[in-house]
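Visitor: Below are the structure tokens for one structure; questions will follow.
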Amino acid sequence: MNIFDNMEAIYLAIVLAPLTGAIIAGLFGRIVGRNGAHWVTIAGVGIASILSLIAYKHHVFDGAAAYNGAVYTWLSVGNIHFEVGFLVDRLSVTMMVVVTFVSWMIHIYTIGYMHDDLGYQRFFSYMSLFTFFMLMLVMSNNFVQLFFGWEGVGLVSYLLIGFWFKRDKAVFAGLKAFLVNRVGDFGFLLGIAAILMYFNTLDYAEVFQQAPALSTATIEIVAGHDWSLMSFICICLFIGAMGKSAQVPLHVWLPDSMEGPTPISALIHAATMVTAGIFMVARMSPMFELSETALSFVMVIGAVTAISMGLVGLVQNDIKRVIAYSTLSQLGYMTVALGASAYAAAMFHLVTHAFFKALLFLCAGAVIIAMHHEQDMRKMGGLYRYMPITWFTCLIGSLALIGFPGTSGFFSKDAIIEAVYHSNLPVAGFAYYAVLAGVFITALYSFRLFFLTFHGKERLNKHTWEHLHEAPKVITVPLVILAIPSLLAGIFLIGPMLFDGYFMQAIHVASTHDVLAEMGKDYHGVFSFTLHAFKSAPVYLTLAGVVTAWVLYIKFPYMPAILEKRFSLLHKILINKYGFDDFYQVVFARGSREIGRFLWRFGDVRLIDGFFVNGTALTIRWFSSVVRTIQSGYLYDYAFAMILGLLFLLGIFVHGILN
Amino acid sequence: MTITAELVFIVPEITLLVLACIILIADTLHIEKHATLTYWLAQIALIVIIFLVLIDFPDESKRLFFGNFVSDSMSGVLKVSICAITICVFFYSYDYLKEHELIKGEYFVLGLFAVLGMMVMVSANSLLTVYLGLELMSLSLYSMVAMHRESQTASEAAMKYFVLGALASGILLYGISILYGVSGTLELPALSAYIEAQSGNNILLVFGLVFVIVGIAFKLGLVPFHMWLPDVYEGSPTSVTLFVSTAPKLAAFAMAIRLLVDGMGPMAGDWQGMLIILSVLSMAAGNIIAISQTNIKRMLAYSTIAHMGFFMLGIASATQLGYAGSMFYVMIYALMIMGAFGMVILLGRKGYEADNLDDFKGLSDRSPWFAFIMLILMFSMAGVPPFIGFWAKWFVLKEIIANGYIWLATVAVILSVIGAYYYLRIVKLMYFDKPQQMTAIKASQEMRFILSLNGLSLLFLGFMPGALMTLCIRAIGY
């Protein structure tokens, strides 16, 4: 029997295996113990990973048609069905492989990293649960399930950022991530609601089918102003993506999320969850293609994020934060590609980035473990002597990140830059220079990190130095495994993924926007693409960045301090991250707290409690104590009351008749 | 129909009279410490009466004995209910009287005579029969209140009750005489027909009506004719309070229906207004004054006043369904107040009346089960769904709204919300306060069983109120 005969069962198993692991490790953690917890979750994610590879083979190599079907109907209201269903095509299957594979590696790595933590089982349970939600998100065939997965990964992200819930900073960061994502989700939900309202369905296939017919429809939100329906929906959906994929100005949560354990930073906040927004926009390409306004919006946001966040990365000293800002910047690149309608290029960069960014995070984690949880790069230096494997894999990761010719990041990033160059959106010019400048900045901060950590003078304290050693095998093996695709994935994937119609119908690009087809005309294989790169600016900008880093941090280590003084204003702006955090803190956070306090003090305590609730109660009690004194206990008073009552009734009714 | 043939229809009343007399004699001859024989004979007598009513249940309206007596479904249902309630009341009382060494055979004999009076009231078809039944019942009750002769409060309560009762009787009688003088008839249907034939308003009739209304209002305890009620409830031995607060209310309901609907139906426009005024005053005064009470018997007295006000709204709507709603309400009310006083009896012991609110503090620590039963009783009285008290209020409200008195319904609901406070306070005392004493609850197994049944019935009826509602609607309909 051919295992491909029953793909539905395989898809179900892919989703349910991590969930089962999560439930066992989470609810029965005490029974299965620490070893049981990591075995069961690693097995669950491992099964999902292998089955994803099988599904990948089925779709990509055997050329199977996309699968689109419901496995469970939750409820039906009129014509609208709320279902659990899978849409598995080349787009989702690619994501499935990336998600499960990276997650699997990080599960293994966690055995070493979290070795002494008290919340060991909980941690594994959360990670598997995250994998489940992420798979639900990418495999969904309808908006409800998409939203379910979307909120699910958000929830787990919140739980994991605040994993060390006794640290105030971690709790704060978790809350911040949650709240900022709420803002994005609000837009996302509005977009979904608009789709439901105008399309009367939440099924992807049906929505995409109807979309062209509604491309000229308008929506009147502010009276007298007609907006394009498609632009409205797409921008709303993209606001959701901005929250999840941390685009300016909803990016503030991502750097803070580094308070979570490092494996989480690698899994959720670099490789997978933050790319959900990118994936979602690619999935919705049939709709985004109908609105140039939305595409321009996407491109501008991406370009601003790419350059501004890279700049902030230059002044960070915390090793994880540098990588976090780098992630923001790279997400900006992907977003720019989406704006340029080069969805395939965005997905390509997403894949390569998942590998090399996970690798970099895990390297950082290895360093942090070796340094006894010291994360400040100013207290490192010269580590290459003690941690050769980490040093080497980190070098590969950094080269891929800066786009050194031949590495995976080179192909994907170059493709994006070129795609933006070919784009004919009005904002493409600005975006092009932004991403170009970003190349230099990327190289500079990446190698700043690399040199500060592994080279130069050893600035360690004695205690750390004595215990410095290479990380154990459970940590280094995933590093090596991840280093391989970081280095090579680009060579093998660029041709098929960008130019050979890899995604088939999964991604729809209008012919007028098809920048990749334009580029495809000049594409003659990997080798010529690499050679061609030497004739263009990015490679030289990269080299310039590396050299600058070398000059500043190895050759003349006193230089940065001088520059800092010379450009103190700029430095201050960057250190303060353009003031986004402070602005939100003061205006939104404190503002809403003040509103809350006012409503509590005045509205609740004074008005509702004081006046209405307790006020009435007190009045009635007072009245009650007064009225009870009428009951004097004297018989003649009672009789008198009766007579009065009689006269009263007589007075009213007999008198009423007389008149 | 000859008089002898008509006697069939008053077999229950005759039997009760005969049995009561026999029991009275037996009680005087057979002296024993606990009056056990008298108690059991009285219970058997009541069961026999229920049986007799049910055997020949009146399913059509018959007017007998020269129009002095009526036999219809309503009277049948009410007679069975009165006897059944009295059985429970005797049951609780027996425990209480034994414990407090107040037991005397006369208690049960007087109770039986009061029941006879109620049965006469229920079946009254003329002004005189109403008065006869009322006096028989009232005189029995006065003496029951006075039974605890050593107690000052009981004597005081009896005195007040008697004097004010006499005053109310006088007023009622005065009203009756006016009506008779104007119409020349004592028969209620004939009176109704006479009023129907009148054109325009007859000032004398309205004059008489006011006096009759005052008589009814006194029996039910409507403001401002309620003054006796808190003093009597508090001063009497709890067993007597229990009796006064339950079965006589059903009889008073019947009296109201007989006099107002059967006798003065065509004047509904006049008595509706009076009843509404009395209702609103009662609900307001009852609910508000109850809040500042510290004695639970007194609190329940004010609660009774409020409930009677609410219940009167059904009659005030002057429709068949409205009367049915009132009947439903008064039956449920009797069940609830019986349980509540049952709880007071349960918590008391020799030489100690558990009639302060403080006695309920921390009851859930002392007896979680009876705290739960009390919770059911209180929630039901407050009108919290799904307990039956909610349906009673709902039924009445539905009718007054259907008749266009939305403002009245609003007032009733607001006052009920205020009333919820003192019911819920008891729940709070039971569950959230520390007990002041930890003495175990001393009560017989039977008492515990019946009281539990009493409480749980409110819950079960709440889930299926339909049967009882249908019964009431049919009883009124015939």
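Following the order of the structure tokens, chains are lettered A, B, ..., residues in each are numbered from 1, and ligands are numbered from 1.
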Kindly assemble as CSV a list of the chain B residues that lie within 6 Å of chain A, each paired with its nearest atom pair and their distance in Å to one decimal, using only C-alpha atoms, sorted first by chain and then by ascending residue number.

Guide:
residue,atom,partner,partner_atom,distance
B:Pro224,CA,A:Gly645,CA,5.8
B:Phe225,CA,A:Met642,CA,5.3
B:Met227,CA,A:Tyr638,CA,5.6
B:Ile288,CA,A:Ser624,CA,5.2
B:Ile289,CA,A:Ser624,CA,4.7
B:Ser292,CA,A:Ser625,CA,5.9

Visitor: Restricting the output to N, CA, C and O atoms, write the selected residues as a PDB file, in the first residue's frame.

Guide:
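The resulting selection-v5.pdb:
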ATOM      1  N   PRO B 224     -52.200  49.896  55.656  1.00  0.00           N
ATOM      2  CA  PRO B 224     -51.811  50.173  57.047  1.00  0.00           C
ATOM      3  C   PRO B 224     -52.579  49.343  58.088  1.00  0.00           C
ATOM      4  O   PRO B 224     -52.734  49.801  59.200  1.00  0.00           O
ATOM      5  N   PHE B 225     -53.057  48.184  57.709  1.00  0.00           N
ATOM      6  CA  PHE B 225     -53.804  47.358  58.666  1.00  0.00           C
ATOM      7  C   PHE B 225     -52.963  46.161  59.112  1.00  0.00           C
ATOM      8  O   PHE B 225     -53.470  45.103  59.431  1.00  0.00           O
ATOM      9  N   MET B 227     -50.419  46.352  61.523  1.00  0.00           N
ATOM     10  CA  MET B 227     -49.650  46.608  62.740  1.00  0.00           C
ATOM     11  C   MET B 227     -49.601  45.412  63.692  1.00  0.00           C
ATOM     12  O   MET B 227     -48.632  45.201  64.397  1.00  0.00           O
ATOM     13  N   ILE B 288     -38.991  47.408  53.122  1.00  0.00           N
ATOM     14  CA  ILE B 288     -38.036  48.367  53.678  1.00  0.00           C
ATOM     15  C   ILE B 288     -37.851  48.158  55.179  1.00  0.00           C
ATOM     16  O   ILE B 288     -36.725  48.134  55.674  1.00  0.00           O
ATOM     17  N   ILE B 289     -38.943  47.956  55.890  1.00  0.00           N
ATOM     18  CA  ILE B 289     -38.787  47.822  57.341  1.00  0.00           C
ATOM     19  C   ILE B 289     -38.117  46.501  57.694  1.00  0.00           C
ATOM     20  O   ILE B 289     -37.366  46.419  58.668  1.00  0.00           O
ATOM     21  N   SER B 292     -34.301  46.491  58.615  1.00  0.00           N
ATOM     22  CA  SER B 292     -33.683  46.883  59.891  1.00  0.00           C
ATOM     23  C   SER B 292     -34.090  45.963  61.038  1.00  0.00           C
ATOM     24  O   SER B 292     -33.900  46.318  62.197  1.00  0.00           O
TER      25      SER B 292
END

Visitor: Write out as a list in words which residues come within 9 Å of A:Ile494 when counting only C-alpha atoms, dropping same-chain ones fewer than 6 positions away.

Guide: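 Selected residues are Ala345, Phe348, Ser408, Phe411, Ser412, Ala415, Gly525 and Val526 of chain A.
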
Visitor: Got time to write the residues from that selection, N, CA, C and O atoms, as a short mmCIF file (atom, residue, chain, number, x, y, z; two decimals), in the first residue's frame?

Guide:
data_model
loop_
_atom_site.label_atom_id
_atom_site.label_comp_id
_atom_site.auth_asym_id
_atom_site.auth_seq_id
_atom_site.Cartn_x
_atom_site.Cartn_y
_atom_site.Cartn_z
N ALA A 345 10.05 35.38 -3.32
CA ALA A 345 11.31 35.83 -2.74
C ALA A 345 11.18 36.00 -1.23
O ALA A 345 12.08 35.65 -0.47
N PHE A 348 11.22 32.65 0.25
CA PHE A 348 12.57 32.12 0.15
C PHE A 348 13.44 32.68 1.27
O PHE A 348 14.13 31.95 1.99
N SER A 408 23.26 30.91 1.90
CA SER A 408 21.83 30.93 1.61
C SER A 408 21.27 32.35 1.67
O SER A 408 20.46 32.75 0.85
N PHE A 411 21.60 34.57 -1.56
CA PHE A 411 20.66 34.40 -2.68
C PHE A 411 19.31 35.06 -2.37
O PHE A 411 18.75 35.76 -3.19
N SER A 412 18.84 34.79 -1.14
CA SER A 412 17.50 35.30 -0.86
C SER A 412 17.49 36.81 -0.75
O SER A 412 16.58 37.48 -1.23
N ALA A 415 17.94 38.47 -4.14
CA ALA A 415 16.71 38.36 -4.92
C ALA A 415 15.72 39.45 -4.51
O ALA A 415 15.07 40.07 -5.36
N GLY A 525 21.11 30.27 -13.96
CA GLY A 525 21.73 29.32 -13.04
C GLY A 525 22.40 30.00 -11.87
O GLY A 525 22.62 31.21 -11.85
N VAL A 526 22.70 29.19 -10.86
CA VAL A 526 23.24 29.66 -9.60
C VAL A 526 24.56 30.37 -9.80
O VAL A 526 24.82 31.45 -9.26
#

Visitor: If I take atom CA of B:Ile47 and atom CA of B:Val80, how far is one from the other in Å, to one decimal?

Guide: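 Calculated distance between atom CA of B:Ile47 and atom CA of B:Val80 is 9.4 Å.
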